[in-house]
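Coordinates from upload-v1.cif are shown below (mmCIF, C-alpha atoms).
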data_query
loop_
_atom_site.label_atom_id
_atom_site.label_comp_id
_atom_site.auth_asym_id
_atom_site.auth_seq_id
_atom_site.Cartn_x
_atom_site.Cartn_y
_atom_site.Cartn_z
CA MET A 1 -23.70 194.37 58.86
CA THR A 2 -22.35 197.23 60.99
CA ASP A 3 -23.65 197.56 64.56
CA LEU A 4 -24.48 201.09 65.63
CA TYR A 5 -24.60 201.71 69.39
CA PHE A 6 -26.53 204.77 70.48
CA ASP A 7 -28.34 206.47 73.33
CA PHE A 8 -31.35 208.67 72.54
CA LEU A 9 -29.94 211.26 74.96
CA CYS A 10 -26.90 211.90 72.79
CA PRO A 11 -26.88 214.55 70.02
CA TYR A 12 -23.84 212.90 68.42
CA ALA A 13 -25.66 209.58 68.31
CA TRP A 14 -28.44 211.43 66.47
CA ARG A 15 -25.92 212.50 63.79
CA GLY A 16 -24.66 208.93 63.63
CA VAL A 17 -28.14 207.45 63.22
CA GLU A 18 -28.99 209.98 60.50
CA LEU A 19 -25.72 209.08 58.74
CA ALA A 20 -26.50 205.37 58.95
CA ALA A 21 -30.11 205.89 57.83
CA THR A 22 -28.86 207.79 54.79
CA LEU A 23 -26.37 205.04 53.98
CA ARG A 24 -29.01 202.32 54.52
CA ALA A 25 -31.07 203.94 51.78
CA GLY A 26 -28.05 203.31 49.55
CA GLY A 27 -27.82 199.65 50.52
CA GLU A 28 -25.30 199.68 53.40
CA GLY A 29 -26.31 197.42 56.30
CA PHE A 30 -26.59 198.78 59.85
CA ARG A 31 -28.14 197.27 62.95
CA LEU A 32 -29.43 199.46 65.79
CA ARG A 33 -27.99 198.62 69.20
CA HIS A 34 -28.43 200.38 72.54
CA TYR A 35 -25.75 201.71 74.86
CA SER A 36 -26.59 203.60 78.04
CA LEU A 37 -24.53 206.69 78.86
CA ALA A 38 -26.19 206.81 82.31
CA GLU A 39 -24.99 203.27 83.05
CA GLY A 40 -21.60 203.69 81.37
CA ASN A 41 -20.77 206.89 83.24
CA HIS A 42 -22.38 206.02 86.57
CA PRO A 43 -19.93 206.62 89.44
CA ASP A 44 -21.04 203.39 91.16
CA ASN A 45 -19.72 201.48 88.14
CA ALA A 46 -16.20 202.94 88.28
CA GLN A 47 -14.70 199.72 89.61
CA THR A 48 -17.28 197.02 88.93
CA LEU A 49 -20.73 197.06 87.42
CA THR A 50 -23.16 197.55 90.28
CA TRP A 51 -25.65 200.09 88.90
CA ARG A 52 -27.70 198.82 85.98
CA LEU A 53 -30.18 200.91 84.05
CA THR A 54 -32.38 197.86 83.61
CA ASP A 55 -32.69 197.48 87.40
CA GLN A 56 -34.09 200.99 87.88
CA SER A 57 -37.78 201.50 88.58
CA GLY A 58 -38.00 204.20 85.95
CA ALA A 59 -39.83 206.43 88.42
CA GLU A 60 -36.86 207.78 90.37
CA GLY A 61 -33.46 209.26 89.63
CA PRO A 62 -32.66 212.17 87.29
CA ALA A 63 -35.26 212.89 84.59
CA HIS A 64 -32.81 212.25 81.72
CA GLN A 65 -32.05 208.81 83.15
CA GLN A 66 -35.74 207.91 83.42
CA GLY A 67 -36.26 209.23 79.91
CA SER A 68 -33.38 207.18 78.55
CA LEU A 69 -34.74 203.94 80.02
CA ARG A 70 -38.25 204.71 78.77
CA ALA A 71 -36.93 205.44 75.28
CA PHE A 72 -34.86 202.26 75.13
CA VAL A 73 -37.81 200.13 76.22
CA ALA A 74 -39.99 201.80 73.56
CA SER A 75 -37.24 201.26 70.99
CA HIS A 76 -37.27 197.52 71.73
CA ALA A 77 -41.06 197.55 71.55
CA ALA A 78 -40.86 199.09 68.06
CA ALA A 79 -38.12 196.62 67.08
CA GLY A 80 -40.62 193.82 67.66
CA GLN A 81 -42.38 195.02 64.50
CA GLY A 82 -39.34 194.49 62.34
CA GLU A 83 -36.25 196.33 61.18
CA ALA A 84 -38.05 198.98 59.11
CA ALA A 85 -40.34 199.89 62.02
CA HIS A 86 -37.38 200.06 64.39
CA TRP A 87 -35.46 202.45 62.13
CA ALA A 88 -38.52 204.61 61.51
CA PHE A 89 -39.18 204.84 65.25
CA ALA A 90 -35.59 205.49 66.30
CA LEU A 91 -35.07 208.16 63.67
CA ALA A 92 -38.36 209.86 64.48
CA LEU A 93 -37.56 209.81 68.19
CA PHE A 94 -34.09 211.31 67.69
CA ARG A 95 -35.65 214.07 65.61
CA ALA A 96 -38.42 214.67 68.17
CA VAL A 97 -35.86 215.05 70.96
CA HIS A 98 -32.93 216.78 69.27
CA GLU A 99 -34.60 218.69 66.45
CA ASP A 100 -38.01 219.47 67.95
CA LYS A 101 -36.74 219.56 71.58
CA GLN A 102 -39.46 217.25 72.93
CA LEU A 103 -39.09 215.60 76.33
CA LEU A 104 -38.46 211.85 76.46
CA ASP A 105 -41.83 211.21 78.10
CA THR A 106 -44.67 208.83 77.36
CA ALA A 107 -46.55 211.42 75.29
CA THR A 108 -43.53 211.90 73.02
CA LEU A 109 -43.00 208.15 72.69
CA MET A 110 -46.63 207.54 71.68
CA ALA A 111 -46.66 210.49 69.25
CA THR A 112 -43.37 209.24 67.77
CA ALA A 113 -44.78 205.73 67.28
CA GLU A 114 -47.67 207.27 65.41
CA THR A 115 -45.39 209.49 63.27
CA ALA A 116 -43.22 206.49 62.47
CA GLY A 117 -46.18 204.44 61.29
CA VAL A 118 -45.79 201.82 64.00
CA ASP A 119 -48.83 199.61 64.76
CA LEU A 120 -49.97 201.32 67.96
CA ALA A 121 -51.93 198.45 69.47
CA ALA A 122 -49.01 196.05 69.02
CA PHE A 123 -46.61 198.72 70.32
CA GLU A 124 -48.64 199.13 73.49
CA ARG A 125 -48.82 195.38 74.02
CA ALA A 126 -45.03 195.18 73.62
CA LEU A 127 -44.56 198.03 76.10
CA ALA A 128 -46.82 196.29 78.60
CA ASP A 129 -44.41 193.34 78.69
CA ASP A 130 -41.84 195.51 80.42
CA GLN A 131 -39.70 192.63 81.73
CA ALA A 132 -39.19 191.18 78.25
CA ARG A 133 -38.19 194.58 76.84
CA ARG A 134 -35.75 195.15 79.72
CA ALA A 135 -34.19 191.75 79.08
CA GLU A 136 -33.65 192.69 75.43
CA LEU A 137 -32.14 196.00 76.51
CA ARG A 138 -29.87 194.32 79.01
CA ALA A 139 -28.53 192.05 76.26
CA ASP A 140 -27.57 195.10 74.19
CA LEU A 141 -25.95 196.83 77.18
CA ASP A 142 -24.01 193.66 78.01
CA ALA A 143 -22.78 193.38 74.41
CA ALA A 144 -21.67 197.02 74.47
CA ARG A 145 -19.77 196.53 77.71
CA GLU A 146 -18.05 193.47 76.27
CA LEU A 147 -16.83 195.61 73.38
CA GLY A 148 -15.67 198.43 75.64
CA VAL A 149 -18.11 200.98 74.20
CA PHE A 150 -17.75 204.26 76.13
CA GLY A 151 -19.74 206.77 74.09
CA THR A 152 -22.21 207.13 71.24
CA PRO A 153 -22.34 206.75 68.36
CA THR A 154 -20.02 203.75 68.28
CA PHE A 155 -19.93 201.72 65.08
CA VAL A 156 -18.75 198.11 65.00
CA LEU A 157 -17.65 197.07 61.53
CA PRO A 158 -18.35 193.53 60.26
CA THR A 159 -14.58 192.92 60.54
CA GLY A 160 -14.66 193.74 64.26
CA GLU A 161 -13.11 197.22 64.31
CA ALA A 162 -15.11 199.41 66.67
CA ALA A 163 -14.83 203.09 67.49
CA TYR A 164 -16.64 206.10 68.79
CA TYR A 165 -17.21 208.58 65.93
CA ARG A 166 -18.10 212.06 67.08
CA PHE A 167 -18.79 214.75 64.53
CA GLU A 168 -20.69 218.05 64.63
CA THR A 169 -22.35 218.37 61.26
CA LEU A 170 -25.57 216.55 60.49
CA THR A 171 -25.97 215.32 56.94
CA ARG A 172 -28.72 213.55 55.04
CA ASP A 173 -26.96 213.92 51.71
CA PRO A 174 -26.05 210.48 50.31
CA ALA A 175 -22.72 211.50 48.74
CA THR A 176 -21.62 213.38 51.86
CA ALA A 177 -22.69 210.51 54.12
CA ARG A 178 -20.75 208.09 51.95
CA GLU A 179 -17.64 210.31 52.14
CA TRP A 180 -17.74 210.61 55.94
CA TRP A 181 -18.36 206.88 56.32
CA THR A 182 -15.46 206.04 54.02
CA LEU A 183 -13.21 208.37 56.01
CA TYR A 184 -14.17 206.65 59.26
CA ARG A 185 -13.55 203.20 57.82
CA THR A 186 -10.22 204.32 56.37
CA VAL A 187 -9.09 205.49 59.82
CA LEU A 188 -10.17 202.20 61.40
CA THR A 189 -8.58 199.95 58.81
CA SER A 190 -5.36 201.92 58.17
CA GLU A 191 -2.13 199.95 58.61
CA ALA A 192 -1.10 202.74 60.97
CA GLU A 193 -3.45 201.02 63.46
CA ILE A 194 -4.88 204.32 64.59
CA GLY A 195 -6.26 204.20 68.11
CA THR A 196 -7.36 207.79 68.57
CA VAL A 197 -7.74 211.07 66.75
CA LYS A 198 -9.07 213.61 69.19
CA ARG A 199 -9.08 217.40 68.99
CA ALA A 200 -6.99 219.24 71.53
CA LYS A 201 -9.08 222.38 71.56
CA ASN A 202 -12.52 223.11 72.73
CA ARG A 203 -14.59 222.77 69.62
CA PRO A 204 -15.86 225.93 67.97
CA PRO A 205 -19.58 226.64 68.42
CA ARG A 206 -21.75 224.22 66.48
CA LYS A 207 -22.96 225.38 63.16
CA GLY A 208 -26.27 223.80 64.09
CA GLY A 209 -27.12 223.56 60.43
CA VAL A 210 -28.15 220.57 58.41
CA LYS A 211 -25.93 219.95 55.41
CA PRO A 212 -28.14 219.74 52.31
CA MET B 1 4.53 225.05 59.71
CA THR B 2 2.87 222.36 61.84
CA ASP B 3 3.65 222.30 65.56
CA LEU B 4 4.29 218.86 67.01
CA TYR B 5 3.88 218.53 70.78
CA PHE B 6 5.63 215.57 72.36
CA ASP B 7 7.01 214.09 75.57
CA PHE B 8 10.06 211.85 75.37
CA LEU B 9 8.31 209.44 77.77
CA CYS B 10 5.61 208.61 75.24
CA PRO B 11 5.99 205.79 72.70
CA TYR B 12 3.21 207.29 70.56
CA ALA B 13 5.05 210.61 70.47
CA TRP B 14 8.03 208.63 69.18
CA ARG B 15 5.93 207.36 66.26
CA GLY B 16 4.70 210.89 65.65
CA VAL B 17 8.21 212.36 65.63
CA GLU B 18 9.42 209.63 63.25
CA LEU B 19 6.46 210.37 60.98
CA ALA B 20 7.22 214.09 61.02
CA ALA B 21 10.95 213.51 60.46
CA THR B 22 10.12 211.38 57.42
CA LEU B 23 7.79 214.06 56.08
CA ARG B 24 10.34 216.82 56.76
CA ALA B 25 12.76 215.01 54.48
CA GLY B 26 10.08 215.45 51.81
CA GLY B 27 9.75 219.17 52.46
CA GLU B 28 6.84 219.34 54.94
CA GLY B 29 7.44 221.82 57.78
CA PHE B 30 7.20 220.74 61.43
CA ARG B 31 8.31 222.49 64.60
CA LEU B 32 9.17 220.53 67.74
CA ARG B 33 7.28 221.63 70.86
CA HIS B 34 7.23 220.11 74.32
CA TYR B 35 4.24 218.94 76.34
CA SER B 36 4.61 217.30 79.75
CA LEU B 37 2.46 214.28 80.50
CA ALA B 38 3.61 214.43 84.14
CA GLU B 39 2.33 218.01 84.44
CA GLY B 40 -0.79 217.45 82.32
CA ASN B 41 -1.90 214.40 84.30
CA HIS B 42 -0.76 215.52 87.75
CA PRO B 43 -3.60 215.12 90.29
CA ASP B 44 -2.72 218.49 91.90
CA ASN B 45 -3.60 220.15 88.58
CA ALA B 46 -7.11 218.70 88.32
CA GLN B 47 -8.77 222.01 89.18
CA THR B 48 -6.11 224.67 88.67
CA LEU B 49 -2.46 224.52 87.68
CA THR B 50 -0.47 224.24 90.89
CA TRP B 51 2.19 221.62 90.06
CA ARG B 52 4.63 222.67 87.37
CA LEU B 53 7.34 220.46 85.97
CA THR B 54 9.60 223.49 85.61
CA ASP B 55 9.38 224.14 89.38
CA GLN B 56 10.67 220.69 90.29
CA SER B 57 14.23 220.24 91.56
CA GLY B 58 14.80 217.34 89.18
CA ALA B 59 16.25 215.32 92.04
CA GLU B 60 13.02 214.11 93.67
CA GLY B 61 9.75 212.57 92.56
CA PRO B 62 9.28 209.49 90.38
CA ALA B 63 12.22 208.57 88.11
CA HIS B 64 10.21 208.98 84.89
CA GLN B 65 9.28 212.53 85.95
CA GLN B 66 12.89 213.46 86.66
CA GLY B 67 13.90 211.87 83.38
CA SER B 68 11.25 213.80 81.47
CA LEU B 69 12.40 217.16 82.87
CA ARG B 70 16.06 216.31 82.19
CA ALA B 71 15.25 215.31 78.61
CA PHE B 72 13.21 218.47 77.93
CA VAL B 73 16.01 220.68 79.26
CA ALA B 74 18.52 218.83 77.07
CA SER B 75 16.17 219.15 74.11
CA HIS B 76 16.10 222.93 74.55
CA ALA B 77 19.90 222.92 74.91
CA ALA B 78 20.16 221.12 71.56
CA ALA B 79 17.59 223.49 70.02
CA GLY B 80 20.01 226.34 70.73
CA GLN B 81 22.19 224.91 67.96
CA GLY B 82 19.48 225.26 65.36
CA GLU B 83 16.61 223.32 63.91
CA ALA B 84 18.64 220.53 62.33
CA ALA B 85 20.49 219.87 65.59
CA HIS B 86 17.23 219.86 67.52
CA TRP B 87 15.65 217.29 65.21
CA ALA B 88 18.75 215.11 65.19
CA PHE B 89 18.88 215.18 69.00
CA ALA B 90 15.16 214.58 69.57
CA LEU B 91 15.00 211.71 67.10
CA ALA B 92 18.16 210.09 68.49
CA LEU B 93 16.83 210.42 72.05
CA PHE B 94 13.46 208.86 71.17
CA ARG B 95 15.28 205.95 69.55
CA ALA B 96 17.65 205.56 72.50
CA VAL B 97 14.73 205.40 74.94
CA HIS B 98 12.05 203.53 72.99
CA GLU B 99 14.09 201.41 70.57
CA ASP B 100 17.26 200.76 72.59
CA LYS B 101 15.50 200.94 76.00
CA GLN B 102 18.01 203.35 77.54
CA LEU B 103 17.18 205.27 80.72
CA LEU B 104 16.55 209.01 80.48
CA ASP B 105 19.65 209.78 82.53
CA THR B 106 22.58 212.11 82.01
CA ALA B 107 24.73 209.39 80.43
CA THR B 108 22.05 208.72 77.79
CA LEU B 109 21.59 212.43 77.11
CA MET B 110 25.33 212.98 76.57
CA ALA B 111 25.68 209.87 74.41
CA THR B 112 22.65 210.99 72.39
CA ALA B 113 24.12 214.45 71.84
CA GLU B 114 27.25 212.79 70.51
CA THR B 115 25.29 210.40 68.27
CA ALA B 116 23.25 213.31 66.94
CA GLY B 117 26.36 215.28 66.03
CA VAL B 118 25.60 218.10 68.45
CA ASP B 119 28.51 220.39 69.46
CA LEU B 120 29.19 218.94 72.90
CA ALA B 121 30.93 221.92 74.46
CA ALA B 122 28.10 224.27 73.42
CA PHE B 123 25.55 221.69 74.56
CA GLU B 124 27.12 221.53 78.02
CA ARG B 125 27.22 225.32 78.26
CA ALA B 126 23.53 225.47 77.33
CA LEU B 127 22.71 222.79 79.92
CA ALA B 128 24.60 224.75 82.57
CA ASP B 129 22.20 227.67 82.11
CA ASP B 130 19.40 225.62 83.62
CA GLN B 131 17.12 228.58 84.39
CA ALA B 132 17.12 229.76 80.78
CA ARG B 133 16.30 226.25 79.50
CA ARG B 134 13.49 225.91 82.04
CA ALA B 135 12.06 229.26 80.95
CA GLU B 136 12.02 228.02 77.33
CA LEU B 137 10.37 224.80 78.44
CA ARG B 138 7.78 226.65 80.47
CA ALA B 139 6.85 228.72 77.39
CA ASP B 140 6.17 225.49 75.45
CA LEU B 141 4.15 223.99 78.29
CA ASP B 142 2.12 227.21 78.60
CA ALA B 143 1.41 227.21 74.85
CA ALA B 144 0.29 223.57 75.03
CA ARG B 145 -2.06 224.30 77.92
CA GLU B 146 -3.54 227.23 76.03
CA LEU B 147 -4.36 224.86 73.15
CA GLY B 148 -5.83 222.22 75.45
CA VAL B 149 -3.22 219.59 74.55
CA PHE B 150 -3.86 216.47 76.64
CA GLY B 151 -1.63 213.80 75.11
CA THR B 152 1.23 213.25 72.67
CA PRO B 153 1.76 213.41 69.82
CA THR B 154 -0.51 216.39 69.18
CA PHE B 155 -0.13 218.17 65.87
CA VAL B 156 -1.29 221.76 65.35
CA LEU B 157 -1.86 222.52 61.68
CA PRO B 158 -0.98 225.95 60.28
CA THR B 159 -4.73 226.56 59.96
CA GLY B 160 -5.19 226.03 63.72
CA GLU B 161 -6.75 222.57 63.81
CA ALA B 162 -5.11 220.57 66.59
CA ALA B 163 -5.53 216.95 67.63
CA TYR B 164 -3.93 214.06 69.40
CA TYR B 165 -2.99 211.39 66.83
CA ARG B 166 -2.28 207.99 68.35
CA PHE B 167 -1.24 205.12 66.13
CA GLU B 168 0.60 201.86 66.76
CA THR B 169 2.71 201.28 63.68
CA LEU B 170 6.03 203.06 63.25
CA THR B 171 6.93 204.02 59.70
CA ARG B 172 9.94 205.64 58.08
CA ASP B 173 8.64 205.02 54.57
CA PRO B 174 7.97 208.35 52.81
CA ALA B 175 4.89 207.19 50.86
CA THR B 176 3.35 205.56 53.93
CA ALA B 177 4.09 208.58 56.09
CA ARG B 178 2.49 210.83 53.49
CA GLU B 179 -0.61 208.60 53.41
CA TRP B 180 -1.05 208.61 57.20
CA TRP B 181 -0.47 212.34 57.39
CA THR B 182 -3.01 213.00 54.64
CA LEU B 183 -5.53 210.81 56.46
CA TYR B 184 -5.03 212.78 59.68
CA ARG B 185 -5.42 216.10 57.91
CA THR B 186 -8.52 214.86 56.10
CA VAL B 187 -10.13 213.95 59.43
CA LEU B 188 -9.27 217.36 60.89
CA THR B 189 -10.47 219.39 57.94
CA SER B 190 -13.59 217.38 57.00
CA GLU B 191 -16.82 219.33 56.83
CA ALA B 192 -18.20 216.74 59.22
CA GLU B 193 -16.21 218.64 61.89
CA ILE B 194 -14.98 215.45 63.44
CA GLY B 195 -14.11 215.85 67.12
CA THR B 196 -13.11 212.31 68.00
CA VAL B 197 -12.49 208.91 66.49
CA LYS B 198 -11.52 206.56 69.30
CA ARG B 199 -11.50 202.77 69.37
CA ALA B 200 -13.93 201.12 71.72
CA LYS B 201 -11.91 197.99 72.29
CA ASN B 202 -8.68 197.31 73.96
CA ARG B 203 -6.19 197.45 71.13
CA PRO B 204 -4.76 194.17 69.89
CA PRO B 205 -1.15 193.49 70.94
CA ARG B 206 1.28 195.78 69.17
CA LYS B 207 2.97 194.39 66.14
CA GLY B 208 6.08 196.08 67.45
CA GLY B 209 7.47 196.02 63.97
CA VAL B 210 8.79 198.85 61.89
CA LYS B 211 7.02 199.27 58.58
CA PRO B 212 9.61 199.25 55.80
#

Give the structure from this file in structure tokens form.
Amino acid sequence: MTDLYFDFLCPYAWRGVELAATLRAGGEGFRLRHYSLAEGNHPDNAQTLTWRLTDQSGAEGPAHQQGSLRAFVASHAAAGQGEAAHWAFALALFRAVHEDKQLLDTATLMATAETAGVDLAAFERALADDQARRAELRADLDAARELGVFGTPTFVLPTGEAAYYRFETLTRDPATAREWWTLYRTVLTSEAEIGTVKRAKNRPPRKGGVKP
Amino acid sequence: MTDLYFDFLCPYAWRGVELAATLRAGGEGFRLRHYSLAEGNHPDNAQTLTWRLTDQSGAEGPAHQQGSLRAFVASHAAAGQGEAAHWAFALALFRAVHEDKQLLDTATLMATAETAGVDLAAFERALADDQARRAELRADLDAARELGVFGTPTFVLPTGEAAYYRFETLTRDPATAREWWTLYRTVLTSEAEIGTVKRAKNRPPRKGGVKP
């Protein structure tokens, strides 16, 4: 099972989750895990961890930060209904935000739960137990910090190799997804012990297209 | 022809130059170009370029910075004797510094020139024209900045793709070098438009070995 760390705020995480969802349909195992860009990049955490997303009220701070916390809590609420529900919810929420440009607000979260076929009454009960959901979230964020995750998507292979994998093109094509996943694993498991491949240039404008 | 940007200070650039030298023996074209880590990472350059390596006296500042400037100037002096001399000198200097742990001082540079089979009298004449060598160096550093180079080794493919390629294992084996080079080019030319693959974890301790 490969762990996939993501933040709903991140368009590259969206591409990663679509890739993993496509590969899951072909039998590859992925587990959804949360990593907070707001917490990871917070200036108060430069030396030691003092600012935690899970300690925020959710009613103050920048809108994207509030939205991120709200989305993570909802993601854990959906996860309570099993793996299939969690994937359906996460994928639908990424698409709502990055494809349909919806805000990460309560209306979007409820509409997404409905789209994803989540049991709405159970979802609302799970959301109401906010402290339990935050504790689940904190466990994910702690695990990510332990691994040294710094961006999303980050995949952690069953053999322990872990890396940020940023790519521009979104694919839902099984053969293409398989090719890009094989390439990533080849880089991570090469005897060269590759630490980084990172473009020197500013990237060209995104194609914005979805590969068939 | 692929451009290879390097700094003699950098052990990863050493691996990159060894890889390229191995591939050159098989007919692949690489051109040696200089990039200064001291200039690229200098705090005075955070906003705009104000600190230039080529403006330094070479007799003040941290020892590694002085050594880097001295080595670049010598590298351009060797380059004046042609491509083969430049490669022989650069490779011998990387090995002197990173394999034999020599200091980047004048004694090492002269001994390296001798080891590399450089014409010593011509080398000394080229070194004596310090302003001309610095002008050549500045042209390389300007080209690197234009590309957004931020670390070494950075390879710039003939098609324009450019990326930092950091790996731990040194190889001089032609088949292995070919495999790692193909992997790098595959990442850079994939339709995924990969921007970054970067490990999340601290890397395990270096093997330190040389792959046969």

**Request:** May I have the residues within 7 Å of Glu18 (chain B) as a list in words, using only C-alpha atoms and disregarding those fewer than 4 positions away in the same chain?
**Result:**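 Surrounding residues, per the criterion: Trp14, Thr22 and Arg172 of chain B.
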
**Message:** Quick check on the file I pasted: which residues fall under the PyMOL selection byres ((chain B) within 9 of (chain A))? Write them as a PyMOL selection string.
**Reply:** chain B and resi 146-151+154-156+161-171+176+180+183-184+186-188+190-203

**Message:** Can you spell out as a ChimeraX atom specification the set of residues that the PyMOL selection byres ((chain B and resi 86) around 12) selects in the structure I just provided?
**Reply:** /B:17,21,30-33,72-85,87-93,112-113,116-119,123

**Asked** CA of Thr152 (chain A) to CA of Leu23 (chain A): how many Å, to one decimal?
**Response** 17.9 Å

**Interatomic distance, CA of Lys101 (chain B) to CA of Asp173 (chain B) (Å, one decimal)** = 22.9 Å

**Request:** Could you check how far CA of Glu60 (chain A) sits from CA of Cys10 (chain A), in Å to one decimal?
**Result:**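 So the two atoms, CA of Glu60 (chain A) and CA of Cys10 (chain A), lie 20.6 Å apart.
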
Compute the distance from (11.0, 220.7, 83.1) to each atom, counting all atoms listed in the file, keep the residues with any atom at most 7 Å away, and return them as a PDB file with C-alpha atoms, keeping the file's coordinate frame; use the coordinates of the file.
ATOM      1  CA  LEU B  53       7.340 220.460  85.970  1.00  0.00           C
ATOM      2  CA  THR B  54       9.600 223.490  85.610  1.00  0.00           C
ATOM      3  CA  LEU B  69      12.400 217.160  82.870  1.00  0.00           C
ATOM      4  CA  ARG B  70      16.060 216.310  82.190  1.00  0.00           C
ATOM      5  CA  PHE B  72      13.210 218.470  77.930  1.00  0.00           C
ATOM      6  CA  VAL B  73      16.010 220.680  79.260  1.00  0.00           C
ATOM      7  CA  ARG B 134      13.490 225.910  82.040  1.00  0.00           C
ATOM      8  CA  LEU B 137      10.370 224.800  78.440  1.00  0.00           C
TER       9      LEU B 137
END

**Asked** For Asp140 (chain A), which of A:Tyr35, A:Gly58, A:Pro11, A:Pro43 is the closest residue, counting only C-alpha atoms?
**Response** A:Tyr35

Could region 104-110 of chain B be completed with all heavy atoms and written as a PDB file, in the coordinates of the input, please?
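Final output, saved to out19.pdb:
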ATOM      1  N   LEU B 104      16.427 207.569  80.759  1.00  0.00           N
ATOM      2  CA  LEU B 104      16.550 209.010  80.480  1.00  0.00           C
ATOM      3  C   LEU B 104      17.452 209.648  81.531  1.00  0.00           C
ATOM      4  O   LEU B 104      17.028 210.518  82.284  1.00  0.00           O
ATOM      5  CB  LEU B 104      15.164 209.660  80.500  1.00  0.00           C
ATOM      6  CG  LEU B 104      14.417 209.729  79.171  1.00  0.00           C
ATOM      7  CD1 LEU B 104      13.046 210.346  79.348  1.00  0.00           C
ATOM      8  CD2 LEU B 104      15.215 210.521  78.143  1.00  0.00           C
ATOM      9  N   ASP B 105      18.715 209.212  81.550  1.00  0.00           N
ATOM     10  CA  ASP B 105      19.650 209.780  82.530  1.00  0.00           C
ATOM     11  C   ASP B 105      20.710 210.603  81.804  1.00  0.00           C
ATOM     12  O   ASP B 105      20.715 210.704  80.576  1.00  0.00           O
ATOM     13  CB  ASP B 105      20.265 208.677  83.388  1.00  0.00           C
ATOM     14  CG  ASP B 105      20.995 207.632  82.558  1.00  0.00           C
ATOM     15  OD1 ASP B 105      21.273 207.889  81.359  1.00  0.00           O
ATOM     16  OD2 ASP B 105      21.277 206.546  83.086  1.00  0.00           O
ATOM     17  N   THR B 106      21.580 211.204  82.581  1.00  0.00           N
ATOM     18  CA  THR B 106      22.580 212.110  82.010  1.00  0.00           C
ATOM     19  C   THR B 106      23.497 211.387  81.027  1.00  0.00           C
ATOM     20  O   THR B 106      23.850 211.938  79.971  1.00  0.00           O
ATOM     21  CB  THR B 106      23.407 212.760  83.139  1.00  0.00           C
ATOM     22  OG1 THR B 106      22.502 213.426  84.027  1.00  0.00           O
ATOM     23  CG2 THR B 106      24.388 213.794  82.591  1.00  0.00           C
ATOM     24  N   ALA B 107      23.855 210.156  81.334  1.00  0.00           N
ATOM     25  CA  ALA B 107      24.730 209.390  80.430  1.00  0.00           C
ATOM     26  C   ALA B 107      24.068 209.222  79.062  1.00  0.00           C
ATOM     27  O   ALA B 107      24.703 209.420  78.022  1.00  0.00           O
ATOM     28  CB  ALA B 107      25.049 208.027  81.042  1.00  0.00           C
ATOM     29  N   THR B 108      22.780 208.895  79.057  1.00  0.00           N
ATOM     30  CA  THR B 108      22.050 208.720  77.790  1.00  0.00           C
ATOM     31  C   THR B 108      21.967 210.049  77.037  1.00  0.00           C
ATOM     32  O   THR B 108      22.147 210.089  75.813  1.00  0.00           O
ATOM     33  CB  THR B 108      20.631 208.186  78.072  1.00  0.00           C
ATOM     34  OG1 THR B 108      20.736 206.912  78.703  1.00  0.00           O
ATOM     35  CG2 THR B 108      19.824 208.057  76.784  1.00  0.00           C
ATOM     36  N   LEU B 109      21.715 211.126  77.771  1.00  0.00           N
ATOM     37  CA  LEU B 109      21.590 212.430  77.110  1.00  0.00           C
ATOM     38  C   LEU B 109      22.905 212.845  76.449  1.00  0.00           C
ATOM     39  O   LEU B 109      22.916 213.348  75.320  1.00  0.00           O
ATOM     40  CB  LEU B 109      21.143 213.501  78.115  1.00  0.00           C
ATOM     41  CG  LEU B 109      19.732 213.290  78.689  1.00  0.00           C
ATOM     42  CD1 LEU B 109      19.446 214.303  79.787  1.00  0.00           C
ATOM     43  CD2 LEU B 109      18.677 213.372  77.596  1.00  0.00           C
ATOM     44  N   MET B 110      24.032 212.593  77.138  1.00  0.00           N
ATOM     45  CA  MET B 110      25.330 212.980  76.570  1.00  0.00           C
ATOM     46  C   MET B 110      25.677 212.084  75.382  1.00  0.00           C
ATOM     47  O   MET B 110      26.165 212.563  74.351  1.00  0.00           O
ATOM     48  CB  MET B 110      26.420 212.908  77.653  1.00  0.00           C
ATOM     49  CG  MET B 110      26.260 213.914  78.800  1.00  0.00           C
ATOM     50  SD  MET B 110      25.943 215.640  78.271  1.00  0.00           S
ATOM     51  CE  MET B 110      27.496 216.017  77.421  1.00  0.00           C
TER      52      MET B 110
END
